[in-house]
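*Asks:* The structure follows.
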Amino acid sequence: MALKIVKGSIDRMFDKNLQDLVRGIRNHKEDEAKYISTCIDEIKQELKQDNIAVKANAVCKLTYLQMLGYDVSWAAFNIVEVMSSSKFTYKRIGYLAASQCFHESTDVIMLTTNQIRKDLSSPNQYDTGVALTGLSCFVTPDLARDLANDIMTLMSHTKPYIRKKAVLIMYKVFLKYPESLRPAFPRLKEKLEDPDPGVQSAAVNVICELARRNPKNYLSLAPLFFKLMTSSTNNWVLIKIIKLFGALTPLEPRLGKKLIEPLTNLIHSTSAMSLLYECVNTVIAVLISLSSGMPNHSASIQVSFSRHAHTFSLKYLGLLAMSKILKTHPKSVQSHKDLILQCLDDKDESIRLRALDLLYGMVSKKNLMEIVKKLMLHVDKAEGTTYRDELLTKIIDICSQSNYQYITNFEWYISILVELTRLEGTRHGHLIASQMLDVAIRVKAIRAFAVAQMATLLDNAHLLTGNTQRNGICEVLYAAAWICGEFSEHLEEPMVTLEAMLRPKVATLPGHIQAVYVQNAAKLFATVLRGHEGVPADSMVAQETSQLLIDRLPLFVQSSNLEVQERASCILQLVKYIQKLQQKDVEVAEEVTALFAGELNPVAPKAQKKVPVPEGLDLDVWINEPPSGSESEDEGRKSKGKAVFAKEESRHTKPRYTEVDEKELAKRREVRKAEQANNPFYIKASPSSQKVYQDGVGVEHIPVVQIDLSVPLKVPGMPMSDQYVKLEEERRERNKADKKKKKDKKKREKGEKGRRRRGDSGPESEEDITPAHMVDIVTEEMPENALPSDDDDKDPNDPHKSICWAPCVNTAGYGVDQPPLYLSPHPSLSLAPHLQVCDIQGNLQDGSQVVVSVIFENKCDSFIKSMEFNVLDSLNSKLQRPDGAGPHDGLIVPFQLPPGISNEARFIFSVQNIVMPQKLKGTLTFIVKTDDSSTHEKLDFKLHFTCTSYLITTPCYSDAYSKLLESGDLKGCSLKLEGVNQPFHHLLARICFHHHFSVVERIDSCASMYSRSIQGHHMCLLVKTADQTVSIDAKCDEPGLLGNVLDEIKLTFSQC
Amino acid sequence: MQFMLLFSRQGKLRLQKWYVPLSDKEKKKITRELVQTVLARKPKMCSFLEWRDLKVVYKRYASLYFCCAIENQDNELITLEIIHRYVELLDKYFGSVCELDIIFNFEKAYFILDEFLLGGEAQDTSKKNVLKAIEQADLLQECCMTDTVSQSFSMV
């Protein structure tokens, strides 16, 4: 009987423990959900019992079910019950369940505070340990606040086991309850020197994590960490310390210099890859922060790193690190080209993509062909369209980067593009097409070749379009058709191409491509006519061509695409008319050609912006009085306009049969086209590829064709890019040989002198590579009177754009009348208060000094302090620093700026040579203090010293002036300004004001002026004006200075 | 470290430890997504992937995948070492560990992990210390156990 009770109790206790549950689940694979729901019912029963052992068992099972994804939040209170058991076994299970199941929104957490506090102060260290572990997973801001003090006391516990856990959990507490950081920090710092290595490493861990969030506050610990780094042998600790230094170095460059050596030593001595990797990362950070750079170090790192990069994981990390180095030290990465190219063969796509990224930055004139050749091989091998598309875009990116600067042979590039069209199923047809257009338009020398290639492409269009319309590659036909049409004079057999463009199959292409086909067929037609007219035997050919067009064009007239239909019907009528004339033996070629006359020039995208607004033109003012007429009239006009529009629209959609009108329209259109073609500003209306694509159907929807595999993939008659690579190599060899010959010759001539020169065996340098044929990349057109300014190339979104300082140094007494210049700090600093330097006034004192006064204005809401003004000295101009300061130290601005306050500071520069204008680069560093933090920020600026700024307005009397001119010491120079239509006295005032001259004498429209430089050069001007032309004859004893000042005067007048 | 997952080749979760507070729903979603991504990778691929704004480090031991998510500036290689160290600890504790050991003693696996990592950071770099702590805690548990058993007997 008694035994039965015992048995029952034990049975119940171990009725179904965790193992049984797991086994049960495994045995009920088919009806797992059902089995588990019965188990949960059992667990619910068990939880209702008083026996804590049974409850703990139930909670343990629940923890397992929670992992399988079942909701157990209903048992939260039972978990707390088990947690508060006095038995370690159950407590342990309770805390485990809590750490797995609780999260911040679990409401029973607040019930646990006292229990946890009790456990933390338990005499049993394992109770405390288990409580700390659990707490680390479910700590909430409330818990953190209530328990921060208890945990802090535990940091000085006698047992290292507890100390180390307490230190680590403090990090979680700081995150949840940041106020605890300040009181706890001194103790945390103490733990860095704890006798127990475990506690020490925990403290390093915590501080490192804290420092990564806000490195600035931990700079002061750098010496301590430096000591730890040089003494510790524990790799885990070392890694954390080195990571910490990586976060600190950007703030303190001096630290970087100190670190380089121990880090390099570690790199060479350690066998732990993780440590090596961390060192490399930090060294990269250091190198980036030391802008001067230490290429030899980075090279050594590279070597040691790539030496180990055999396994795939390390390869990936190596590539990652290299891409960081590439940004600052491209040279040292370039030497690993082969290694990186090997990575392209890797099985792992992420490695291949990393390698591709690297290649982009590594190309040079010398290796471009080789790299692209490799990439082309990979394109052929690559499986998976995504990767292949990625390769394709990379090839094009690599080739076209920085305005094609690495391409020496454009024939090669065109053939690469043509080869890329063979790619199956790519989405990037439009990209290839735009490249073809761009190159053909901008590189004049290549046009003949490009046209030949494009003609072949058109001829073999069936290879690209095949039967299914799925891919985007037929986009290249768009480019091909346009190039063949526009530059048809280079075509050898325009007839053949014309025929190819009018094949019935063309009608299956997307509408916008057909439209281009039709339009360019007309251009080709014009070329054919020109080629064959005048020769009697050929007039038949011309007539046949007309007939061909008349036969084929109706196909396009029926097109459902409006654009195609419209163009086709216009051209058809035109051709019919021409045919009539041809039958009467009238020569029409010249007139037809005239329709397409004129050359299209590329125009820079910013050209319009650069046209200066003429003086006196206010774009915001009404040209005519705004219409004040009655509203009804206005409405009437509007409705009339609407009606016209509606009518027009309906006409567009109807098929046209009114031929006379058609003809008239077509003619008008052609005339307009010719006009536009003649007008370089009108380029945007020309079929610029991107634009059309945007307007047209989305790329995804373009019905596209796959290459028919039954046809050989190689487009016949197409030169392979490989041949070019070979040719190019031969050419380079030849060039080298030529050079060598020349050099030998020189050597012979020069004897000794020649021998001292560098030997030929050295590696071929970039400069040695000459382009294959002189290829002129046509520069984009700019209006002639565009303003030459430095910052116009910058991206309008570039936050640095605003940081430019205008001509700023002036003589005393003349304020600079300029709009304020807004300077915004570096974009990455998100706190970004605006510091505005609103004005700079210059003063000149003695012969070699310039005083620049700068007004600092704090535009932000925070307090700005510790401003340091620094300028990178040039040979000629130096910022004068106090005695004892190094040449790179900044000057401390002697005030702080509360929000909205401005103040002025003066800086003295010593200048040696005043003949040339110059720009100095500088930085302003400052600390922005907000309520809860302060950040270090930086502002870059430029100081522009013009030659004018070296002139001082000095009065001069006319007799002294004439004596000066008679002395004959002065050299003359003159300047003519056209189209100046301002009164003469304005003109003089302008010269006086902007260029610091004074008027000596003025007679009618003629005046003599004088100024003196800070180094005592005399400068005399004789200004004459006669109907909008101003001539300035100038004399000075320093011709260089004079020239520059005159240039500046010219600039002043061109700006107004 | 943000979290650690252990799952089998079939995609069954064997252990999960989250060091960032997330709702159950989110945890499930992340787990599903990651298990799929990692299982789809071929054996010769590298152990790291960029996933959302985190880096995922994984390694396969026999039929089990150990998978950790770390922040962007964290060191991937040290994470691999942490995984390896954990496997070593399991191995020492169970004596050549296998998947079943972890399934049937999953709470033990958690205890070991908790003794080794706290709040996502390595607590102790010494294997010996960790094992010693576990052993002693177990010992404590054993005597508790015998206590309860004797208690129930004394009830008789």
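Labeling convention for the structure tokens: chains A, B, ... as they appear, residues from 1 per chain, ligands from 1 in order of appearance.
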Distance limit 6 Å, atoms considered: only C-alpha atoms. Which chain B residues sit that close to chain A? Return them as a ChimeraX atom specification.

*Replies:* /B:19,21,45-47,77-78,104,119,124,141

*Asks:* Print the selection's residues with C-alpha atoms to a file, as a PDB file, in the first residue's frame.

*Replies:*
```pdb
ATOM      1  CA  TYR B  19      20.305  38.181 -27.269  1.00  0.00           C
ATOM      2  CA  PRO B  21      14.425  41.162 -27.467  1.00  0.00           C
ATOM      3  CA  MET B  45      30.719  28.233 -50.255  1.00  0.00           C
ATOM      4  CA  CYS B  46      32.105  30.590 -47.698  1.00  0.00           C
ATOM      5  CA  SER B  47      30.631  30.677 -44.232  1.00  0.00           C
ATOM      6  CA  LEU B  77      36.369  34.804 -37.882  1.00  0.00           C
ATOM      7  CA  ILE B  78      36.089  35.162 -34.135  1.00  0.00           C
ATOM      8  CA  PHE B 104      17.328  14.914 -25.592  1.00  0.00           C
ATOM      9  CA  GLY B 119      24.347  38.568 -23.467  1.00  0.00           C
ATOM     10  CA  ASP B 124      35.162  32.980 -20.435  1.00  0.00           C
ATOM     11  CA  GLN B 141      21.468  19.741  -9.121  1.00  0.00           C
TER      12      GLN B 141
END
```

*Asks:* Give me the residues near Gly120 in chain B as a list in words, where near means some atom within 8 Å (using only C-alpha atoms) and where sequence neighbours in that chain fewer than 4 positions away do not count.

*Replies:*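 With the cut-off at 8 Å, the set is Met1, Gln2, Phe3 and Tyr19 of chain B.
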
*Asks:* Can you tell me how far CA of Asp1033 in chain A sits from CA of Phe945 in chain A, in Å to one decimal?

*Replies:* 24.2 Å

*Asks:* Report as a ChimeraX atom specification: the residues of range 70-114 of chain B with a DSSP assignment of alpha helix (DSSP H), based on the backbone of this structure.

*Replies:* /B:76-94,99-104,106-114

*Asks:* Can those selected residues be exported to a file as a short mmCIF file (atom, residue, chain, number, x, y, z; two decimals), in the first residue's frame so that it contains N, CA, C and O atoms?

*Replies:*
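Saved file result-v6.cif follows:
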```
data_model
loop_
_atom_site.label_atom_id
_atom_site.label_comp_id
_atom_site.auth_asym_id
_atom_site.auth_seq_id
_atom_site.Cartn_x
_atom_site.Cartn_y
_atom_site.Cartn_z
N GLU B 76 34.02 38.24 -38.23
CA GLU B 76 33.41 36.97 -38.64
C GLU B 76 34.22 35.79 -38.15
O GLU B 76 33.67 34.75 -37.75
N LEU B 77 35.53 35.95 -38.21
CA LEU B 77 36.37 34.80 -37.88
C LEU B 77 36.28 34.45 -36.41
O LEU B 77 36.28 33.27 -36.04
N ILE B 78 36.18 35.47 -35.55
CA ILE B 78 36.09 35.16 -34.14
C ILE B 78 34.75 34.50 -33.85
O ILE B 78 34.64 33.64 -32.97
N THR B 79 33.74 34.85 -34.61
CA THR B 79 32.45 34.20 -34.43
C THR B 79 32.54 32.72 -34.79
O THR B 79 31.99 31.86 -34.11
N LEU B 80 33.26 32.45 -35.86
CA LEU B 80 33.49 31.05 -36.21
C LEU B 80 34.19 30.32 -35.06
O LEU B 80 33.88 29.17 -34.75
N GLU B 81 35.12 31.02 -34.43
CA GLU B 81 35.84 30.38 -33.33
C GLU B 81 34.91 30.16 -32.15
O GLU B 81 35.03 29.16 -31.44
N ILE B 82 34.00 31.10 -31.93
CA ILE B 82 33.04 30.93 -30.84
C ILE B 82 32.19 29.68 -31.10
O ILE B 82 32.00 28.85 -30.22
N ILE B 83 31.74 29.56 -32.32
CA ILE B 83 30.94 28.37 -32.67
C ILE B 83 31.75 27.11 -32.41
O ILE B 83 31.28 26.16 -31.77
N HIS B 84 32.98 27.16 -32.86
CA HIS B 84 33.82 25.99 -32.70
C HIS B 84 34.04 25.67 -31.23
O HIS B 84 33.99 24.51 -30.82
N ARG B 85 34.27 26.72 -30.46
CA ARG B 85 34.51 26.51 -29.04
C ARG B 85 33.26 25.89 -28.38
O ARG B 85 33.37 25.00 -27.56
N TYR B 86 32.11 26.35 -28.78
CA TYR B 86 30.88 25.80 -28.22
C TYR B 86 30.75 24.32 -28.57
O TYR B 86 30.38 23.50 -27.73
N VAL B 87 31.07 24.00 -29.80
CA VAL B 87 31.01 22.59 -30.20
C VAL B 87 31.99 21.77 -29.38
O VAL B 87 31.68 20.68 -28.90
N GLU B 88 33.16 22.32 -29.16
CA GLU B 88 34.15 21.61 -28.34
C GLU B 88 33.62 21.37 -26.94
O GLU B 88 33.79 20.28 -26.37
N LEU B 89 32.98 22.41 -26.40
CA LEU B 89 32.43 22.29 -25.04
C LEU B 89 31.37 21.19 -24.99
O LEU B 89 31.37 20.35 -24.08
N LEU B 90 30.48 21.20 -25.98
CA LEU B 90 29.45 20.16 -26.03
C LEU B 90 30.10 18.79 -26.12
O LEU B 90 29.69 17.83 -25.45
N ASP B 91 31.12 18.74 -26.93
CA ASP B 91 31.81 17.48 -27.16
C ASP B 91 32.42 16.94 -25.88
O ASP B 91 32.29 15.77 -25.54
N LYS B 92 33.08 17.85 -25.16
CA LYS B 92 33.71 17.46 -23.89
C LYS B 92 32.63 17.02 -22.91
O LYS B 92 32.81 16.03 -22.19
N TYR B 93 31.54 17.73 -22.87
CA TYR B 93 30.52 17.48 -21.85
C TYR B 93 29.79 16.16 -22.14
O TYR B 93 29.62 15.33 -21.25
N PHE B 94 29.38 15.96 -23.36
CA PHE B 94 28.63 14.75 -23.68
C PHE B 94 29.54 13.59 -24.07
O PHE B 94 29.09 12.45 -24.13
N GLU B 99 23.75 14.77 -32.62
CA GLU B 99 22.54 15.58 -32.66
C GLU B 99 21.55 15.14 -31.59
O GLU B 99 20.89 15.95 -30.94
N LEU B 100 21.47 13.80 -31.40
CA LEU B 100 20.49 13.29 -30.43
C LEU B 100 20.78 13.78 -29.02
O LEU B 100 19.85 14.04 -28.25
N ASP B 101 22.07 13.89 -28.69
CA ASP B 101 22.42 14.40 -27.36
C ASP B 101 21.77 15.77 -27.14
O ASP B 101 21.23 16.05 -26.07
N ILE B 102 21.87 16.58 -28.16
CA ILE B 102 21.34 17.94 -28.01
C ILE B 102 19.82 17.92 -27.98
O ILE B 102 19.19 18.67 -27.24
N ILE B 103 19.22 17.01 -28.74
CA ILE B 103 17.75 16.94 -28.73
C ILE B 103 17.25 16.51 -27.35
O ILE B 103 16.36 17.14 -26.78
N PHE B 104 17.86 15.46 -26.83
CA PHE B 104 17.33 14.91 -25.59
C PHE B 104 17.78 15.68 -24.36
O PHE B 104 17.14 15.61 -23.32
N PHE B 106 18.34 19.03 -24.25
CA PHE B 106 18.46 20.39 -24.78
C PHE B 106 18.66 21.41 -23.69
O PHE B 106 19.31 22.42 -23.89
N GLU B 107 18.14 21.15 -22.48
CA GLU B 107 18.35 22.14 -21.42
C GLU B 107 19.81 22.19 -21.01
O GLU B 107 20.35 23.24 -20.72
N LYS B 108 20.48 21.03 -21.10
CA LYS B 108 21.92 21.00 -20.78
C LYS B 108 22.70 21.82 -21.81
O LYS B 108 23.61 22.57 -21.48
N ALA B 109 22.30 21.65 -23.06
CA ALA B 109 22.98 22.40 -24.11
C ALA B 109 22.83 23.91 -23.87
O ALA B 109 23.77 24.67 -24.07
N TYR B 110 21.65 24.27 -23.39
CA TYR B 110 21.43 25.68 -23.06
C TYR B 110 22.32 26.12 -21.90
O TYR B 110 22.90 27.20 -21.91
N PHE B 111 22.38 25.25 -20.87
CA PHE B 111 23.18 25.63 -19.70
C PHE B 111 24.64 25.86 -20.12
O PHE B 111 25.28 26.81 -19.67
N ILE B 112 25.13 25.00 -20.98
CA ILE B 112 26.53 25.14 -21.42
C ILE B 112 26.69 26.46 -22.18
O ILE B 112 27.62 27.23 -21.97
N LEU B 113 25.73 26.70 -23.07
CA LEU B 113 25.80 27.93 -23.86
C LEU B 113 25.76 29.16 -22.95
O LEU B 113 26.52 30.11 -23.14
N ASP B 114 24.88 29.09 -21.94
CA ASP B 114 24.76 30.24 -21.04
C ASP B 114 26.02 30.44 -20.21
O ASP B 114 26.34 31.56 -19.81
#
```

*Asks:* What is the distance between CA of Lys606 in chain A and CA of Gln1055 in chain A, in Å to one decimal?

*Replies:*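 Separation of CA of Lys606 in chain A and CA of Gln1055 in chain A: 17.9 Å.
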
*Asks:* Just to confirm, what's the straight-line distance from CA of Ala148 in chain A to CA of Tyr95 in chain A in Å (one decimal)?

*Replies:* 18.9 Å

*Asks:* With only C-alpha atoms as the counted atoms, please give the residues lying no more than 10 Å from Ala222 in chain A, apart from itself and same-chain residues fewer than 2 positions off, as a list in words.

*Replies:*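 Final neighbour list, sorted by chain and number: Tyr218, Leu219, Ser220, Leu224, Phe225, Phe226, Lys227, Leu228, Ile241, Leu244, Phe245, Leu248, Thr249 and Leu255 of chain A.
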
*Asks:* Using only C-alpha atoms, which protein or nucleic acid residues come within 7 Å of Ser1013 in chain A? Drop anything in the same chain fewer than 2 positions from it, and give the result as a list in words.

*Replies:*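 Contacts, with the query itself left out: Tyr950, Leu951, Ile952, Ser1011, Gln1015, Gly1016, His1017 and His1018 of chain A.
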
*Asks:* Output N, CA, C and O atoms for every residue in that selection, as a PDB file, in the first residue's frame.

*Replies:*
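Saved the output as again_19.pdb:
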```pdb
ATOM      1  N   TYR A 950      46.165  91.236 -53.821  1.00  0.00           N
ATOM      2  CA  TYR A 950      47.484  91.722 -53.399  1.00  0.00           C
ATOM      3  C   TYR A 950      47.671  93.206 -53.728  1.00  0.00           C
ATOM      4  O   TYR A 950      48.734  93.765 -53.525  1.00  0.00           O
ATOM      5  N   LEU A 951      46.654  93.809 -54.312  1.00  0.00           N
ATOM      6  CA  LEU A 951      46.785  95.212 -54.680  1.00  0.00           C
ATOM      7  C   LEU A 951      46.207  96.102 -53.590  1.00  0.00           C
ATOM      8  O   LEU A 951      45.213  95.750 -52.962  1.00  0.00           O
ATOM      9  N   ILE A 952      46.848  97.219 -53.392  1.00  0.00           N
ATOM     10  CA  ILE A 952      46.335  98.170 -52.407  1.00  0.00           C
ATOM     11  C   ILE A 952      45.958  99.444 -53.151  1.00  0.00           C
ATOM     12  O   ILE A 952      46.731  99.942 -53.989  1.00  0.00           O
ATOM     13  N   SER A1011      47.414 101.588 -59.267  1.00  0.00           N
ATOM     14  CA  SER A1011      47.354 100.799 -58.034  1.00  0.00           C
ATOM     15  C   SER A1011      48.749 100.267 -57.731  1.00  0.00           C
ATOM     16  O   SER A1011      49.630 100.268 -58.584  1.00  0.00           O
ATOM     17  N   GLN A1015      53.902  94.380 -52.566  1.00  0.00           N
ATOM     18  CA  GLN A1015      55.357  94.331 -52.656  1.00  0.00           C
ATOM     19  C   GLN A1015      55.889  95.507 -53.470  1.00  0.00           C
ATOM     20  O   GLN A1015      57.027  95.487 -53.929  1.00  0.00           O
ATOM     21  N   GLY A1016      55.075  96.507 -53.680  1.00  0.00           N
ATOM     22  CA  GLY A1016      55.542  97.743 -54.284  1.00  0.00           C
ATOM     23  C   GLY A1016      55.584  97.776 -55.796  1.00  0.00           C
ATOM     24  O   GLY A1016      56.226  98.642 -56.383  1.00  0.00           O
ATOM     25  N   HIS A1017      54.928  96.803 -56.466  1.00  0.00           N
ATOM     26  CA  HIS A1017      54.868  96.888 -57.925  1.00  0.00           C
ATOM     27  C   HIS A1017      53.887  97.985 -58.297  1.00  0.00           C
ATOM     28  O   HIS A1017      52.797  98.068 -57.742  1.00  0.00           O
ATOM     29  N   HIS A1018      54.274  98.816 -59.270  1.00  0.00           N
ATOM     30  CA  HIS A1018      53.354  99.855 -59.749  1.00  0.00           C
ATOM     31  C   HIS A1018      52.512  99.271 -60.855  1.00  0.00           C
ATOM     32  O   HIS A1018      53.001  98.516 -61.681  1.00  0.00           O
TER      33      HIS A1018
END
```

*Asks:* Find the residues around range 34-44 of chain B up to 9 Å (only C-alpha atoms counted), leave out those fewer than 6 positions away in its own chain, and share them as a list in words.

*Replies:*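 Skipping anything fewer than 6 positions along the chain leaves Phe312, Lys347 and Asp348 of chain A; Leu5, Phe7, Arg9, Gln10, Gly11, Lys12, Leu13, Trp51, Val56, Tyr58, Arg60, Tyr65 and Cys67 of chain B.
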
*Asks:* Here is a test: counting only C-alpha atoms, which residue of A:Cys279, A:Leu320, A:Leu111, A:Met362 is nearest to Phe48 in chain B?

*Replies:*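 Using only C-alpha atoms, Phe48 in chain B sits closest to A:Leu320.
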